[in-house]
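Shown next, in structure tokens, is the structure this report addresses.
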Amino acid sequence: MHKIDRLGELHGYAKVTVFDSYGRVKEIGKGYNTLTLEGRAILGDMLIGLTSNSISSMNVGTSDQPASENDVDLIQPALPIERIPIADGGKIRTNLTLSFSVLVASNMYNRPLTIREVGVYFAPIATGKMFARAVITPVTLDLNDAARVDYEIQL
């Protein structure tokens, strides 16, 4: 019998690179993602033309609870809760890899902040459904640190 590919078998990862106030890399956290059930449903709707939605934002959080396809949001979003819009230059497709990137400015979120989870969301920014969640090796943002959050998924 022929095996049917499942969207849940798509794989990708999140990476958070922390920079000090001089722009030097302090640490990097990485982790593989889990596509959510809601995210897969919206992706399916996009493929059959029921919606023209797109990935629009990311957020970070502090929970190390394992990712689940039943997740609907980050378990412990960083405070104050603020999804970061993905600018047009932060969305790239190279062959069969989709890449999304955002910057966490040095004045965002309460500090120190230990990031352990990354969420990727559909539009609209404030209320869009979660596409994927990744738990990463922890990284800490101290006062004046900035970070780049990268998410990639291979089709």
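Labels for the structure tokens follow display order: chains A, B, ..., residues from 1 in each chain, ligands from 1.
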Please identify all polymer residues within 10 Å of A:Ser101, counting only C-alpha atoms, omitting same-chain residues fewer than 3 positions from it, and present them as a PyMOL selection string. chain A and resi 14-16+57-58+84-92+148-152
So which residues touch A:Tyr22 within 12 Å, counting only C-alpha atoms, skipping near sequence neighbours fewer than 2 positions away, as a PDB file with C-alpha atoms, in the first residue's frame?
ATOM      1  CA  VAL A  18      21.465  36.481  21.120  1.00  0.00           C
ATOM      2  CA  PHE A  19      23.706  39.510  20.520  1.00  0.00           C
ATOM      3  CA  ASP A  20      25.291  41.736  23.157  1.00  0.00           C
ATOM      4  CA  ARG A  24      28.693  40.079  19.206  1.00  0.00           C
ATOM      5  CA  VAL A  25      27.005  36.676  19.322  1.00  0.00           C
ATOM      6  CA  LYS A  26      26.560  35.585  22.942  1.00  0.00           C
ATOM      7  CA  SER A 106      16.997  45.482  23.120  1.00  0.00           C
ATOM      8  CA  ASN A 144      20.655  45.757  26.244  1.00  0.00           C
ATOM      9  CA  ASP A 145      20.866  42.379  24.439  1.00  0.00           C
ATOM     10  CA  ALA A 146      19.067  41.889  21.124  1.00  0.00           C
TER      11      ALA A 146
END
request  = Identify, with DSSP run on backbone atoms, the residues in chain A assigned to strand (DSSP E), and express the list as JSON, numbers by chain.
outcome  = {"A": [11, 12, 13, 14, 15, 16, 17, 18, 19, 25, 26, 27, 28, 29, 30, 31, 32, 33, 34, 35, 55, 56, 57, 58, 59, 60, 61, 84, 85, 91, 92, 93, 94, 97, 98, 99, 100, 101, 102, 103, 104, 113, 114, 115, 116, 117, 118, 119, 120, 121, 122, 130, 131, 132, 133, 134, 135, 136, 137, 138, 139, 140, 141, 146, 147, 148, 149, 150, 151, 152, 153, 154]}
Those same residues, written as a short mmCIF file (atom, residue, chain, number, x, y, z; two decimals), in the first residue's frame with C-alpha atoms?
data_model
loop_
_atom_site.label_atom_id
_atom_site.label_comp_id
_atom_site.auth_asym_id
_atom_site.auth_seq_id
_atom_site.Cartn_x
_atom_site.Cartn_y
_atom_site.Cartn_z
CA HIS A 11 9.91 19.44 9.61
CA GLY A 12 11.67 22.60 10.51
CA TYR A 13 13.41 24.32 13.35
CA ALA A 14 13.67 27.56 15.25
CA LYS A 15 16.92 29.30 16.13
CA VAL A 16 17.41 32.25 18.48
CA THR A 17 20.72 34.09 18.24
CA VAL A 18 21.46 36.48 21.12
CA PHE A 19 23.71 39.51 20.52
CA VAL A 25 27.01 36.68 19.32
CA LYS A 26 26.56 35.59 22.94
CA GLU A 27 24.66 32.33 22.49
CA ILE A 28 22.43 30.38 20.12
CA GLY A 29 19.42 28.23 20.99
CA LYS A 30 17.88 25.76 18.54
CA GLY A 31 14.99 23.32 18.51
CA TYR A 32 12.74 21.41 16.15
CA ASN A 33 9.15 22.44 15.59
CA THR A 34 5.77 20.81 15.89
CA LEU A 35 3.06 21.93 13.47
CA ILE A 55 2.49 33.54 8.16
CA SER A 56 2.71 37.02 9.70
CA SER A 57 4.40 37.02 13.11
CA MET A 58 6.48 35.23 15.72
CA ASN A 59 6.79 35.39 19.48
CA VAL A 60 9.05 33.95 22.15
CA GLY A 61 8.32 32.48 25.55
CA ILE A 84 6.63 40.47 16.35
CA PRO A 85 5.53 41.18 12.74
CA LYS A 91 10.11 35.89 4.43
CA ILE A 92 12.16 33.87 1.96
CA ARG A 93 11.70 30.67 -0.05
CA THR A 94 14.83 28.91 -1.28
CA THR A 97 12.79 25.70 2.38
CA LEU A 98 10.65 28.52 3.77
CA SER A 99 12.48 30.92 6.10
CA PHE A 100 11.03 33.55 8.44
CA SER A 101 13.04 35.98 10.58
CA VAL A 102 12.33 38.69 13.15
CA LEU A 103 14.47 40.86 15.39
CA VAL A 104 13.92 41.20 19.12
CA LEU A 113 14.47 36.83 29.77
CA THR A 114 15.28 33.16 29.28
CA ILE A 115 13.80 32.08 25.94
CA ARG A 116 12.83 28.42 25.67
CA GLU A 117 9.99 28.45 23.12
CA VAL A 118 9.20 30.07 19.77
CA GLY A 119 5.77 30.43 18.17
CA VAL A 120 4.97 31.12 14.50
CA TYR A 121 1.57 32.63 13.68
CA PHE A 122 -0.77 33.33 10.78
CA MET A 130 -0.48 29.38 15.73
CA PHE A 131 1.17 27.53 12.84
CA ALA A 132 4.05 25.93 14.75
CA ARG A 133 5.75 25.87 18.13
CA ALA A 134 9.34 24.93 18.89
CA VAL A 135 11.06 24.34 22.21
CA ILE A 136 14.71 25.38 21.98
CA THR A 137 17.84 25.06 24.07
CA PRO A 138 17.51 28.01 26.47
CA VAL A 139 19.13 31.38 25.76
CA THR A 140 19.03 34.46 27.99
CA LEU A 141 18.46 38.04 26.94
CA ALA A 146 19.07 41.89 21.12
CA ALA A 147 18.17 38.68 19.31
CA ARG A 148 17.35 37.34 15.89
CA VAL A 149 14.66 34.66 15.74
CA ASP A 150 14.79 32.43 12.66
CA TYR A 151 12.27 29.76 11.74
CA GLU A 152 12.70 27.40 8.78
CA ILE A 153 10.50 24.63 7.46
CA GLN A 154 11.30 22.23 4.66
#
Here atom CA of A:Lys129 and atom CA of A:Ala78 stand apart by 17.5 Å
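Of note, atom CA of A:Val72 and atom CA of A:Arg40 are spaced 11.9 Å apart.
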Every residue of stretch 3-115 of chain A that DSSP places in alpha helix (DSSP H), as number ranges by chain: A: 37-47
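Of note, atom CA of A:Ser63 and atom CA of A:Gly44 are spaced 28.5 Å apart.
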